[in-house]
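> The following file, start_10.csv, comprises CSV, C-alpha atoms:
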```csv
chain,number,residue,atom,x,y,z
A,1,MET,CA,0.0,0.0,0.0
A,2,ASN,CA,1.6,3.2,-1.1
A,3,ARG,CA,0.1,5.7,1.2
A,4,ILE,CA,1.9,9.0,0.9
A,5,CYS,CA,1.0,11.3,3.7
A,6,GLN,CA,1.6,14.8,3.0
A,7,SER,CA,2.2,17.7,5.3
A,8,LEU,CA,2.0,20.9,3.3
A,9,LEU,CA,3.9,23.9,4.4
A,10,ARG,CA,1.6,26.1,2.5
A,11,PRO,CA,-2.0,25.1,3.3
A,12,SER,CA,-3.3,27.2,0.5
A,13,TYR,CA,-2.0,24.7,-2.0
A,14,ARG,CA,-4.2,22.2,-3.6
A,15,ILE,CA,-3.4,18.7,-2.6
A,16,PRO,CA,-3.4,16.5,-5.7
A,17,ALA,CA,-6.4,14.3,-5.3
A,18,ALA,CA,-4.6,11.2,-6.6
A,19,LEU,CA,-2.1,11.4,-3.8
A,20,ASN,CA,-4.3,12.5,-1.0
A,21,GLY,CA,-5.0,8.9,0.1
A,22,GLY,CA,-4.9,9.3,3.8
A,23,ALA,CA,-3.3,12.5,5.0
A,24,SER,CA,-2.8,11.9,8.7
A,25,ALA,CA,0.3,14.0,8.9
A,26,SER,CA,0.4,16.7,11.5
A,27,ALA,CA,0.2,20.1,10.0
A,28,ALA,CA,3.8,21.1,9.9
A,29,THR,CA,4.4,24.8,9.5
A,30,THR,CA,7.8,26.2,8.8
A,31,PRO,CA,8.2,29.9,8.3
A,32,GLY,CA,9.8,31.3,5.3
A,33,SER,CA,8.8,28.6,2.9
A,34,ILE,CA,7.7,30.6,-0.1
A,35,LEU,CA,9.1,28.7,-3.1
A,36,CYS,CA,8.4,25.1,-2.5
A,37,ARG,CA,6.0,22.8,-0.8
A,38,PHE,CA,7.4,19.9,1.1
A,39,PHE,CA,5.9,16.5,1.3
A,40,ALA,CA,7.0,14.6,4.3
A,41,ALA,CA,6.0,11.0,3.5
A,42,ASP,CA,5.1,8.6,6.3
A,43,ALA,CA,7.7,6.3,7.5
A,44,ALA,CA,6.1,3.3,5.8
A,45,THR,CA,8.3,0.3,5.3
A,46,GLY,CA,7.7,-2.5,2.8
A,47,ALA,CA,7.6,-2.6,-0.9
A,48,ALA,CA,9.0,0.2,-3.1
A,49,VAL,CA,6.5,2.8,-4.2
A,50,ASP,CA,5.1,1.4,-7.5
A,51,LYS,CA,5.4,3.0,-11.0
A,52,ALA,CA,1.8,4.2,-11.2
A,53,THR,CA,2.2,6.2,-8.0
A,54,MET,CA,5.6,7.5,-9.1
A,55,ASP,CA,4.0,8.6,-12.4
A,56,LYS,CA,1.6,10.8,-10.4
A,57,LEU,CA,4.2,12.0,-7.9
A,58,VAL,CA,6.6,13.3,-10.6
A,59,ARG,CA,3.7,15.3,-12.1
A,60,THR,CA,2.4,17.1,-9.0
A,61,ASN,CA,4.3,20.2,-10.1
A,62,LYS,CA,6.4,21.3,-13.0
A,63,VAL,CA,9.5,20.7,-11.0
A,64,VAL,CA,9.7,17.9,-8.5
A,65,VAL,CA,12.7,17.0,-6.4
A,66,PHE,CA,13.4,13.9,-4.4
A,67,MET,CA,16.0,14.7,-1.8
A,68,LYS,CA,17.4,14.0,1.6
A,69,GLY,CA,16.0,16.3,4.2
A,70,ASN,CA,13.7,19.1,3.2
A,71,PRO,CA,14.5,22.4,1.5
A,72,GLN,CA,14.7,24.2,4.8
A,73,ALA,CA,17.1,21.7,6.2
A,74,PRO,CA,18.8,19.5,3.6
A,75,ARG,CA,20.6,16.5,5.1
A,76,CYS,CA,23.1,15.9,2.3
A,77,GLY,CA,25.4,18.3,0.5
A,78,PHE,CA,24.2,17.2,-2.9
A,79,SER,CA,20.6,17.7,-2.0
A,80,ASN,CA,21.5,21.1,-0.6
A,81,ALA,CA,23.2,22.0,-3.9
A,82,VAL,CA,20.0,21.3,-5.8
A,83,VAL,CA,18.0,23.4,-3.3
A,84,GLN,CA,20.4,26.3,-3.8
A,85,ILE,CA,20.3,26.1,-7.6
A,86,MET,CA,16.5,26.1,-7.5
A,87,ARG,CA,16.5,29.0,-5.2
A,88,MET,CA,18.8,31.0,-7.5
A,89,HIS,CA,16.4,30.4,-10.4
A,90,GLY,CA,13.4,31.2,-8.2
A,91,VAL,CA,11.8,27.9,-9.0
A,92,GLN,CA,8.7,26.7,-7.2
A,93,TYR,CA,8.9,23.0,-6.8
A,94,ASP,CA,7.6,20.0,-4.8
A,95,ALA,CA,10.2,18.3,-2.6
A,96,HIS,CA,10.0,14.8,-1.2
A,97,ASP,CA,12.2,13.7,1.7
A,98,VAL,CA,13.3,10.1,1.0
A,99,LEU,CA,14.8,9.8,4.4
A,100,GLN,CA,11.3,9.8,5.8
A,101,ASN,CA,10.2,6.9,3.6
A,102,GLU,CA,12.3,3.9,2.6
A,103,SER,CA,9.6,2.8,0.1
A,104,LEU,CA,9.8,6.1,-1.7
A,105,ARG,CA,13.6,6.1,-1.6
A,106,GLN,CA,13.6,2.7,-3.3
A,107,GLY,CA,10.6,3.6,-5.5
A,108,VAL,CA,12.3,6.6,-7.1
A,109,LYS,CA,15.5,4.7,-7.7
A,110,ASP,CA,13.6,1.9,-9.4
A,111,TYR,CA,11.5,4.3,-11.4
A,112,THR,CA,14.4,6.1,-12.9
A,113,ASP,CA,17.0,3.3,-12.8
A,114,TRP,CA,19.3,5.9,-11.2
A,115,PRO,CA,21.3,4.9,-8.1
A,116,THR,CA,21.6,8.1,-6.2
A,117,ILE,CA,19.6,10.9,-4.5
A,118,PRO,CA,18.8,13.7,-5.2
A,119,GLN,CA,16.7,13.3,-8.4
A,120,VAL,CA,15.1,16.1,-10.3
A,121,PHE,CA,12.1,16.0,-12.6
A,122,ILE,CA,10.9,18.7,-14.9
A,123,ASP,CA,7.5,18.3,-16.4
A,124,GLY,CA,7.4,14.7,-15.3
A,125,GLU,CA,10.7,13.9,-17.1
A,126,PHE,CA,13.7,12.7,-15.1
A,127,VAL,CA,16.4,15.3,-15.7
A,128,GLY,CA,19.2,14.0,-13.5
A,129,GLY,CA,20.9,14.4,-10.1
A,130,CYS,CA,23.0,17.0,-8.6
A,131,ASP,CA,25.9,16.8,-11.0
A,132,ILE,CA,23.7,17.2,-14.1
A,133,LEU,CA,21.6,20.0,-12.6
A,134,LEU,CA,24.8,21.8,-11.7
A,135,GLN,CA,26.2,21.5,-15.2
A,136,MET,CA,22.9,22.6,-16.7
A,137,HIS,CA,23.0,25.6,-14.4
A,138,GLN,CA,26.5,26.4,-15.4
A,139,SER,CA,25.9,26.0,-19.2
A,140,GLY,CA,22.6,27.9,-19.2
A,141,ASP,CA,20.6,24.8,-20.3
A,142,LEU,CA,18.6,24.9,-17.1
A,143,ILE,CA,17.2,28.3,-18.0
A,144,GLU,CA,16.1,26.9,-21.4
A,145,GLU,CA,14.6,23.7,-19.9
A,146,LEU,CA,12.6,25.8,-17.4
A,147,LYS,CA,11.4,28.1,-20.1
A,148,LYS,CA,10.0,25.1,-22.0
A,149,VAL,CA,7.6,24.4,-19.2
A,150,GLY,CA,6.7,28.0,-18.7
A,151,ILE,CA,9.0,28.9,-15.8
A,152,VAL,CA,11.1,32.1,-16.3
A,153,SER,CA,14.2,31.8,-14.3
A,154,GLU,CA,15.0,34.7,-11.9
A,155,LEU,CA,18.5,34.7,-13.3
A,156,LEU,CA,17.1,35.3,-16.8
A,157,LYS,CA,14.9,38.1,-15.4
A,158,ALA,CA,17.9,39.7,-13.7
A,159,GLU,CA,19.9,39.4,-16.9
A,160,GLU,CA,17.2,41.0,-19.0
A,161,ALA,CA,16.7,43.8,-16.5
A,162,LYS,CA,20.4,44.5,-16.6
A,163,GLN,CA,20.4,44.7,-20.4
A,164,GLN,CA,17.5,47.1,-20.3
A,165,ASP,CA,19.4,49.2,-17.9
A,166,ASP,CA,22.5,49.2,-20.1
A,167,LYS,CA,20.4,50.2,-23.1
A,168,ALA,CA,18.9,53.1,-21.2
A,169,LYS,CA,22.4,54.5,-20.4
B,1,MET,CA,44.9,9.6,-3.4
B,2,SER,CA,44.7,6.0,-4.5
B,3,GLN,CA,46.6,3.3,-2.7
B,4,GLU,CA,47.9,0.7,-5.1
B,5,ALA,CA,49.4,-1.6,-2.5
B,6,GLY,CA,47.6,-4.6,-1.1
B,7,GLN,CA,43.9,-5.4,-1.3
B,8,TYR,CA,42.7,-2.0,-0.3
B,9,PRO,CA,40.8,-0.3,-1.8
B,10,PRO,CA,38.7,-3.0,-3.5
B,11,ILE,CA,35.8,-0.9,-4.7
B,12,GLU,CA,38.0,1.9,-6.0
B,13,SER,CA,40.1,-0.7,-7.9
B,14,ALA,CA,37.1,-2.4,-9.4
B,15,MET,CA,35.7,0.9,-10.5
B,16,ARG,CA,38.9,2.1,-12.1
B,17,LYS,CA,39.4,-1.2,-13.9
B,18,ALA,CA,35.8,-1.3,-15.3
B,19,LEU,CA,35.8,2.3,-16.4
B,20,ASN,CA,39.2,1.9,-18.1
B,21,THR,CA,37.9,-1.3,-19.9
B,22,GLU,CA,34.5,0.0,-20.9
B,23,LEU,CA,35.1,3.6,-21.7
B,24,LYS,CA,38.7,3.6,-22.9
B,25,PRO,CA,39.1,7.0,-21.3
B,26,VAL,CA,41.5,9.6,-22.5
B,27,PHE,CA,41.6,10.7,-18.9
B,28,LEU,CA,40.2,9.1,-15.8
B,29,GLU,CA,40.3,10.2,-12.2
B,30,VAL,CA,38.6,8.2,-9.4
B,31,ILE,CA,38.5,10.0,-6.1
B,32,ASN,CA,37.4,8.5,-2.9
B,33,GLU,CA,35.8,11.3,-1.0
B,34,SER,CA,34.6,9.2,1.9
B,35,PRO,CA,37.0,10.8,4.4
B,36,GLN,CA,35.1,14.0,4.0
B,37,HIS,CA,32.0,12.2,5.3
B,38,ASN,CA,30.7,10.9,8.5
B,39,VAL,CA,31.8,7.3,7.9
B,40,PRO,CA,34.4,4.9,9.3
B,41,LYS,CA,38.0,5.1,8.3
B,42,ARG,CA,39.0,3.5,5.0
B,43,SER,CA,35.3,3.5,3.9
B,44,GLU,CA,34.6,3.4,0.2
B,45,SER,CA,31.2,5.0,0.3
B,46,HIS,CA,31.5,8.4,-1.5
B,47,PHE,CA,33.2,8.7,-4.8
B,48,ARG,CA,33.8,11.2,-7.6
B,49,VAL,CA,34.6,10.2,-11.1
B,50,PHE,CA,36.1,12.5,-13.7
B,51,VAL,CA,36.2,10.8,-17.0
B,52,VAL,CA,37.0,12.0,-20.5
B,53,SER,CA,36.1,9.6,-23.3
B,54,GLU,CA,35.3,9.5,-27.0
B,55,LYS,CA,32.4,7.2,-26.1
B,56,PHE,CA,30.5,10.3,-24.8
B,57,ASN,CA,30.7,12.1,-28.2
B,58,ASP,CA,27.1,11.6,-29.3
B,59,LEU,CA,25.5,11.1,-25.8
B,60,THR,CA,23.4,13.5,-23.9
B,61,LEU,CA,24.6,14.4,-20.4
B,62,ILE,CA,22.1,12.0,-18.8
B,63,LYS,CA,23.1,9.1,-21.1
B,64,ARG,CA,26.8,9.7,-20.3
B,65,HIS,CA,26.0,9.6,-16.6
B,66,ARG,CA,23.9,6.4,-17.1
B,67,LEU,CA,26.8,4.8,-18.9
B,68,VAL,CA,29.2,5.6,-16.0
B,69,ASN,CA,26.6,4.5,-13.4
B,70,ASP,CA,25.9,1.2,-15.2
B,71,THR,CA,29.6,0.5,-15.7
B,72,VAL,CA,30.2,1.0,-12.0
B,73,LYS,CA,27.1,-0.9,-11.0
B,74,ASN,CA,27.9,-3.9,-13.1
B,75,ALA,CA,31.6,-4.0,-11.9
B,76,LEU,CA,30.6,-3.8,-8.3
B,77,LYS,CA,27.9,-6.4,-8.7
B,78,ALA,CA,30.4,-8.8,-10.3
B,79,ALA,CA,32.8,-8.1,-7.4
B,80,GLY,CA,30.1,-8.8,-4.9
B,81,PHE,CA,29.6,-5.2,-3.7
B,82,GLU,CA,26.5,-3.0,-3.3
B,83,PHE,CA,26.4,0.3,-5.2
B,84,MET,CA,28.2,3.0,-3.2
B,85,HIS,CA,26.3,5.6,-1.2
B,86,ALA,CA,27.3,8.5,-3.4
B,87,LEU,CA,28.8,8.7,-6.8
B,88,SER,CA,29.4,12.1,-8.4
B,89,ILE,CA,30.2,12.2,-12.1
B,90,GLU,CA,31.8,14.5,-14.5
B,91,ALA,CA,31.7,13.0,-18.0
B,92,LYS,CA,33.3,15.0,-20.8
B,93,THR,CA,34.3,14.4,-24.4
B,94,PRO,CA,37.9,15.0,-25.4
B,95,LYS,CA,36.8,18.2,-27.1
B,96,GLN,CA,35.2,19.5,-23.9
B,97,TRP,CA,38.2,18.8,-21.9
B,98,GLU,CA,41.3,20.9,-21.2
B,99,PRO,CA,44.1,18.8,-19.6
B,100,GLU,CA,44.7,21.4,-16.9
B,101,GLN,CA,41.1,21.2,-15.8
B,102,GLU,CA,40.5,20.1,-12.2
B,103,PRO,CA,37.5,18.1,-11.2
B,104,GLU,CA,34.7,20.0,-9.4
B,105,LYS,CA,34.7,19.9,-5.6
B,106,SER,CA,31.9,18.0,-4.0
B,107,PRO,CA,29.6,20.0,-1.6
B,108,PRO,CA,30.3,19.6,2.1
B,109,CYS,CA,28.7,16.7,3.9
B,110,LEU,CA,25.5,17.6,5.8
B,111,GLY,CA,25.4,14.4,7.8
B,112,GLY,CA,22.6,12.6,6.1
B,113,HIS,CA,24.5,9.4,5.9
B,114,GLY,CA,23.7,6.6,8.3
B,115,LYS,CA,20.1,6.3,7.2
```
Write the structure described by the file as structure tokens, please.


Amino acid sequence: MNRICQSLLRPSYRIPAALNGGASASAATTPGSILCRFFAADAATGAAVDKATMDKLVRTNKVVVFMKGNPQAPRCGFSNAVVQIMRMHGVQYDAHDVLQNESLRQGVKDYTDWPTIPQVFIDGEFVGGCDILLQMHQSGDLIEELKKVGIVSELLKAEEAKQQDDKAK
Amino acid sequence: MSQEAGQYPPIESAMRKALNTELKPVFLEVINESPQHNVPKRSESHFRVFVVSEKFNDLTLIKRHRLVNDTVKNALKAAGFEFMHALSIEAKTPKQWEPEQEPEKSPPCLGGHGK
């Protein structure tokens, strides 16, 4: 049974109906969470989360991240790097803490056939882990990928604003 | 960084051998970063691989990483090891590589290991 409990940091967000199969999580509230909502899954043990559930999970937002810890308190340097990159680009995303749920940790690894965490999805597609995201960030590809799904990176906005400024001078 | 003498380090040796065989790299660096993490001494849990190979020429970034992951996974499986806790990868084509280039540094450990 793949019951994913969710505690939303921003109660105003819609809980995807497909995933709201038993939300018994205490209402966690962490201040300062503007850019992402964080799903603390229950500590269920047992079989890995199945493909159908993963299909839904990776589409709950345009950008979905599976990480160790949560965006306010990452518990791994690689997960933290992904959080920092997302912050720089001003991306709003869903984050799942795999340390809270062994089934999810195994489920996402099976789903992508990728051995390590963090894992980043854009528009339901697996993009890669920390190294790939970092390289996409450095090459500018991340801005392009975000643009494809209708997200304008804050870095791009800043760049364009600067160019406007320069023109005005 | 590597210690050639004796049986240690078995995982690093298996990785190096498999990557050399499978990818015929122009340049290969396998770095055991475990000492930077909260793990016992002589652990082989956290690695960084910097590899330059012609085999990456027509592959997207994710396919290059999959190739490295799979090569390591198969080698470790054959040697009777589980996949390591962390494997960081930089995979470049010879054209993208300048010999004086240093591998990136991994981010500092935040202590998530052990679970």

> Counting only C-alpha atoms, which residue out of B:Ser13, B:Gln101, B:Ser34, B:Ser106 sits closest to B:Ala79?

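Comparing B:Ser13, B:Gln101, B:Ser34, B:Ser106 against B:Ala79, the winner is B:Ser13.
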
> Neighbouring residues of stretch 56-70 of chain B were defined as those with any atom within 9 Å, considering only C-alpha atoms; residues of the same chain fewer than 2 positions away were excluded. Please report them as a VMD selection string.

(chain A and resid 113 to 115 127 to 128 132 135) or (chain B and resid 19 23 49 51 to 54 72 to 75 87 89 to 95)

> Write the residues of the preceding selection, restricted to C-alpha atoms, as a PDB file, keeping the file's coordinate frame.


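Listing of again-v8.pdb after writing:
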```
ATOM      1  CA  ASP A 113      17.000   3.300 -12.800  1.00  0.00           C
ATOM      2  CA  TRP A 114      19.300   5.900 -11.200  1.00  0.00           C
ATOM      3  CA  PRO A 115      21.300   4.900  -8.100  1.00  0.00           C
ATOM      4  CA  VAL A 127      16.400  15.300 -15.700  1.00  0.00           C
ATOM      5  CA  GLY A 128      19.200  14.000 -13.500  1.00  0.00           C
ATOM      6  CA  ILE A 132      23.700  17.200 -14.100  1.00  0.00           C
ATOM      7  CA  GLN A 135      26.200  21.500 -15.200  1.00  0.00           C
TER       8      GLN A 135
ATOM      9  CA  LEU B  19      35.800   2.300 -16.400  1.00  0.00           C
ATOM     10  CA  LEU B  23      35.100   3.600 -21.700  1.00  0.00           C
ATOM     11  CA  VAL B  49      34.600  10.200 -11.100  1.00  0.00           C
ATOM     12  CA  VAL B  51      36.200  10.800 -17.000  1.00  0.00           C
ATOM     13  CA  VAL B  52      37.000  12.000 -20.500  1.00  0.00           C
ATOM     14  CA  SER B  53      36.100   9.600 -23.300  1.00  0.00           C
ATOM     15  CA  GLU B  54      35.300   9.500 -27.000  1.00  0.00           C
ATOM     16  CA  VAL B  72      30.200   1.000 -12.000  1.00  0.00           C
ATOM     17  CA  LYS B  73      27.100  -0.900 -11.000  1.00  0.00           C
ATOM     18  CA  ASN B  74      27.900  -3.900 -13.100  1.00  0.00           C
ATOM     19  CA  ALA B  75      31.600  -4.000 -11.900  1.00  0.00           C
ATOM     20  CA  LEU B  87      28.800   8.700  -6.800  1.00  0.00           C
ATOM     21  CA  ILE B  89      30.200  12.200 -12.100  1.00  0.00           C
ATOM     22  CA  GLU B  90      31.800  14.500 -14.500  1.00  0.00           C
ATOM     23  CA  ALA B  91      31.700  13.000 -18.000  1.00  0.00           C
ATOM     24  CA  LYS B  92      33.300  15.000 -20.800  1.00  0.00           C
ATOM     25  CA  THR B  93      34.300  14.400 -24.400  1.00  0.00           C
ATOM     26  CA  PRO B  94      37.900  15.000 -25.400  1.00  0.00           C
ATOM     27  CA  LYS B  95      36.800  18.200 -27.100  1.00  0.00           C
TER      28      LYS B  95
END
```

> Would you mind listing what lies within 10 Å of A:Leu156 as a PDB file with C-alpha atoms, in the frame of the given file, with all atoms listed in the file counted and same-chain residues fewer than 2 positions away left out?


```pdb
ATOM      1  CA  HIS A  89      16.400  30.400 -10.400  1.00  0.00           C
ATOM      2  CA  GLY A 140      22.600  27.900 -19.200  1.00  0.00           C
ATOM      3  CA  ILE A 143      17.200  28.300 -18.000  1.00  0.00           C
ATOM      4  CA  GLU A 144      16.100  26.900 -21.400  1.00  0.00           C
ATOM      5  CA  LYS A 147      11.400  28.100 -20.100  1.00  0.00           C
ATOM      6  CA  VAL A 152      11.100  32.100 -16.300  1.00  0.00           C
ATOM      7  CA  SER A 153      14.200  31.800 -14.300  1.00  0.00           C
ATOM      8  CA  GLU A 154      15.000  34.700 -11.900  1.00  0.00           C
ATOM      9  CA  ALA A 158      17.900  39.700 -13.700  1.00  0.00           C
ATOM     10  CA  GLU A 159      19.900  39.400 -16.900  1.00  0.00           C
ATOM     11  CA  GLU A 160      17.200  41.000 -19.000  1.00  0.00           C
ATOM     12  CA  ALA A 161      16.700  43.800 -16.500  1.00  0.00           C
ATOM     13  CA  LYS A 162      20.400  44.500 -16.600  1.00  0.00           C
TER      14      LYS A 162
END
```

> Near chain A, meaning an atom within 7 Å, which residues of chain B appear when counting only C-alpha atoms? Write them as a ChimeraX atom specification.

/B:61-62,86,88-89,107-112,115

> Which residue gives the smallest distance to A:Ala48 among A:Asn70, A:Gln106, A:Gln92, A:Asn101, with only C-alpha atoms counted?

A:Gln106

> Report, in Å to a single decimal, how far apart atom CA of B:Gln96 and atom CA of B:Phe47 are.

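Computing it gives 22.0 Å between the two atoms.
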
> Could you please determine the separation between atom CA of B:Asn32 and atom CA of B:Trp97 in Å, to one decimal place?

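Answer for the atom CA of B:Asn32 to atom CA of B:Trp97 separation: 21.6 Å.
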
> For a quick check of understanding, using only C-alpha atoms, which of A:Leu57, A:Ile122, A:Met88, A:Ala95 has the smallest distance to A:Glu145?

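Selected residue with least distance to A:Glu145: A:Ile122.
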
> Quick check, in Å to one decimal: how far apart do atom CA of B:Ser45 and atom CA of A:His137 lie?

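Pair atom CA of B:Ser45 / atom CA of A:His137 returns 26.6 Å.
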
> Choose the residue, out of B:Lys55, B:Phe81, B:Glu100, B:Phe50, that has the smallest atom-to-atom separation from B:Glu22; count all atoms listed in the file.

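Among the listed residues, the smallest separation from B:Glu22 belongs to B:Lys55.
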
> Could you check which of A:Gln72, A:Gln84, A:Gln138, A:Ser103 is closest to A:Asp50, using only C-alpha atoms?

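Smallest distance to A:Asp50 is found for A:Ser103.
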